[in-house]
Amino acid sequence: MQLALQEACKGRHQTWKNPLVGAVIVKDNHVLATGYHHHFGERHAERDAISKLTPEQLFNSTLYVTLEPCNHFGKQPPCSQLIVNKHIKRVVIAQIDPHKLVTGKGIAALKENGIQVATGILANEARKLNEHYTYFYETNQPWITVKQAISLDHKVAVRTNQRTKITNDLVYQKVHSERADYQAIVIGSSTAIIDNPSLLTNVHTDYSPIRIVLDRRGRLLKHLDLKLFTDQKAQTWIFTENKSLSSHPFNNKFVHCFFSKNDSIGAMINELKNQELQSIYVEGGPTLEKSFLDNYLVNELITYIAPDLLGANGVSAVSPSSFHHFSDVKIDKLNNNVRIDERKQNV
């Protein structure tokens, strides 16, 4: 199963809304084939491994797979039926699939056809592999991470409306790669206007995160030349309570605007849920981060700290209205900067 988990990791950043899955076929104590889910919409890990063997090799073999085989027709036919057809004798599963289309159904189909099934082998490792996917389908809520970069005196800029580079180049590279682990990146209109970011990742992927701007008042109407609206390098979604902005003809297939009468954050989360997008990376600024924290929407907080002091005129970083306890804390050093990754308990 450890080998199957390693295989699953090969599909990282290319399976999009699908989970990472790896498979290994064993017979007479010999590994005959390995496989993994390469790309969203393409064949599943089980099918990938099975395709490499003859019917004779597959007969009475054991399949190790990190996630329960599917039993429905989607972009691919059901893997459970393929396993039955190939006369595989035993299937060892790490994690039961939390997706309601699959949960328990694949296992039941295998057992009904006389195949031996074992579950729970390295289950925690498998859950960790697809942390956002698992959380989304168990809770019907996307995993939300807030990221902040601050100075030693808890500031995010030297003064209001001025972009300030706080952290070092190693952090810059880390954040750009970290973005690829999420399906949406969220900022507020102030961050969009002041920083004019591209919000792209430095990781090769066919599924760049959707860039989302929350602009309740419609301030972006005066800043239509921002990179987010003109570079056509990834999807940009705007959520607003301003009718003029929501009806503006961007004439750009990469830009979409959503109107809500109130609560742009709630509208955004509901739209992501409808699209089955499972993870959000909130990059700021402090006002937006405070809204997420005050509404208890945050699963994970990542803080990058630089050793500089920005002084009394600096813009303060986020301070939530109430107490938040993060029990799972990991601290790493990136040259002279520090990265603190902390998570809420029971997520």
# chains A, B, ... in the order shown; residues from 1 in each chain; ligands from 1

call {"tool": "select_by_dssp", "arguments": {"residues": "region 38-263 of chain A", "states": "helix (DSSP H, G or I)", "output": "PyMOL selection string"}}
result
chain A and resi 45-50+55-58+79-85+105-112+123-129+131-139+169-181+189-195+219-222+227-230+243-246

call {"tool": "residues_around", "arguments": {"residues": "Val282 (chain A)", "least_positions_apart": "3", "cutoff": "7 Å", "atoms": "only C-alpha atoms", "output": "JSON, numbers by chain"}}
result
{"A": [145, 146, 147, 185, 186, 187]}

call {"tool": "write_last_selection", "arguments": {"atoms": "N, CA, C and O atoms", "output": "PDB file, in the first residue's frame"}}
result
ATOM      1  N   THR A 145      -8.093  27.918   3.639  1.00  0.00           N
ATOM      2  CA  THR A 145      -6.816  28.301   4.224  1.00  0.00           C
ATOM      3  C   THR A 145      -6.624  29.798   4.068  1.00  0.00           C
ATOM      4  O   THR A 145      -6.793  30.342   2.977  1.00  0.00           O
ATOM      5  N   VAL A 146      -6.280  30.465   5.157  1.00  0.00           N
ATOM      6  CA  VAL A 146      -5.914  31.883   5.109  1.00  0.00           C
ATOM      7  C   VAL A 146      -4.399  31.974   5.182  1.00  0.00           C
ATOM      8  O   VAL A 146      -3.771  31.374   6.053  1.00  0.00           O
ATOM      9  N   LYS A 147      -3.824  32.721   4.244  1.00  0.00           N
ATOM     10  CA  LYS A 147      -2.379  32.939   4.223  1.00  0.00           C
ATOM     11  C   LYS A 147      -2.079  34.414   4.479  1.00  0.00           C
ATOM     12  O   LYS A 147      -2.715  35.281   3.900  1.00  0.00           O
ATOM     13  N   ILE A 185      -8.149  30.880  -5.449  1.00  0.00           N
ATOM     14  CA  ILE A 185      -7.396  31.854  -4.660  1.00  0.00           C
ATOM     15  C   ILE A 185      -8.274  33.085  -4.511  1.00  0.00           C
ATOM     16  O   ILE A 185      -8.836  33.584  -5.485  1.00  0.00           O
ATOM     17  N   VAL A 186      -8.398  33.587  -3.282  1.00  0.00           N
ATOM     18  CA  VAL A 186      -9.325  34.678  -3.011  1.00  0.00           C
ATOM     19  C   VAL A 186      -8.586  35.887  -2.452  1.00  0.00           C
ATOM     20  O   VAL A 186      -7.765  35.760  -1.536  1.00  0.00           O
ATOM     21  N   ILE A 187      -8.901  37.059  -3.001  1.00  0.00           N
ATOM     22  CA  ILE A 187      -8.409  38.322  -2.460  1.00  0.00           C
ATOM     23  C   ILE A 187      -9.559  39.320  -2.418  1.00  0.00           C
ATOM     24  O   ILE A 187     -10.600  39.127  -3.049  1.00  0.00           O
TER      25      ILE A 187
END

call {"tool": "residues_around", "arguments": {"residues": "Asn124 (chain A)", "least_positions_apart": "6", "cutoff": "10 Å", "atoms": "only C-alpha atoms", "output": "number ranges by chain"}}
result
A: 94-95, 131

call {"tool": "write_last_selection", "arguments": {"atoms": "C-alpha atoms", "output": "PDB file, in the first residue's frame"}}
result
ATOM      1  CA  ALA A  94      -6.793   2.251   2.067  1.00  0.00           C
ATOM      2  CA  GLN A  95      -9.697   4.734   2.225  1.00  0.00           C
ATOM      3  CA  GLU A 131      -7.242  16.157   2.509  1.00  0.00           C
TER       4      GLU A 131
END

call {"tool": "closest_atom_pairs", "arguments": {"of": "region 154-196 of chain A", "to": "region 303-315 of chain A", "cutoff": "8 Å", "atoms": "only C-alpha atoms", "output": "CSV"}}
result
residue,atom,partner,partner_atom,distance
A:Lys155,CA,A:Val315,CA,5.3
A:Val156,CA,A:Val315,CA,5.6
A:Ala157,CA,A:Val315,CA,5.2
A:Val158,CA,A:Gly314,CA,4.2
A:Arg159,CA,A:Gly314,CA,4.8
A:Thr160,CA,A:Val315,CA,6.1
A:Ile166,CA,A:Ala306,CA,6.3
A:Thr167,CA,A:Ala306,CA,5.3
A:Asn168,CA,A:Ala306,CA,7.5
A:Val171,CA,A:Tyr304,CA,7.5

call {"tool": "closest_residue", "arguments": {"among": "A:Ile340, A:Val91, A:Met1, A:Leu170", "to": "Val21 (chain A)", "atoms": "only C-alpha atoms"}}
result
A:Met1

call {"tool": "closest_residue", "arguments": {"among": "A:Val84, A:Ala126, A:Val298, A:Leu226", "to": "Glu112 (chain A)", "atoms": "only C-alpha atoms"}}
result
A:Val84

call {"tool": "residues_around", "arguments": {"residues": "region 201-212 of chain A", "least_positions_apart": "4", "cutoff": "6 Å", "atoms": "only C-alpha atoms", "output": "CSV table (one decimal) with C-alpha atoms, in the first residue's frame"}}
result
chain,number,residue,atom,x,y,z
A,13,HIS,CA,-1.6,19.1,-9.7
A,14,GLN,CA,-3.2,17.3,-12.7
A,176,HIS,CA,3.7,30.5,-5.7
A,177,SER,CA,4.0,26.7,-5.4
A,179,ARG,CA,-1.2,28.1,-4.7
A,180,ALA,CA,-1.2,25.0,-6.9
A,183,GLN,CA,-8.6,25.2,-6.6
A,184,ALA,CA,-9.4,28.9,-5.9
A,185,ILE,CA,-7.4,31.9,-4.7
A,186,VAL,CA,-9.3,34.7,-3.0
A,235,GLN,CA,-10.1,32.2,-14.8
A,236,THR,CA,-11.0,35.2,-12.8
A,237,TRP,CA,-14.3,35.4,-10.9
A,238,ILE,CA,-15.7,38.5,-9.3

call {"tool": "closest_residue", "arguments": {"among": "A:Leu200, A:Trp143, A:Thr54, A:Tyr64", "to": "Leu272 (chain A)", "atoms": "only C-alpha atoms"}}
result
A:Trp143

call {"tool": "atom_distance", "arguments": {"atom1": "CA of Ala234 (chain A)", "atom2": "CA of Gln76 (chain A)"}}
result
26.4 Å

call {"tool": "select_by_dssp", "arguments": {"residues": "region 76-291 of chain A", "states": "strand (DSSP E)", "output": "ChimeraX atom specification"}}
result
/A:90-95,116-119,143-150,155-157,184-188,210-214,236-240,255-259,279-284
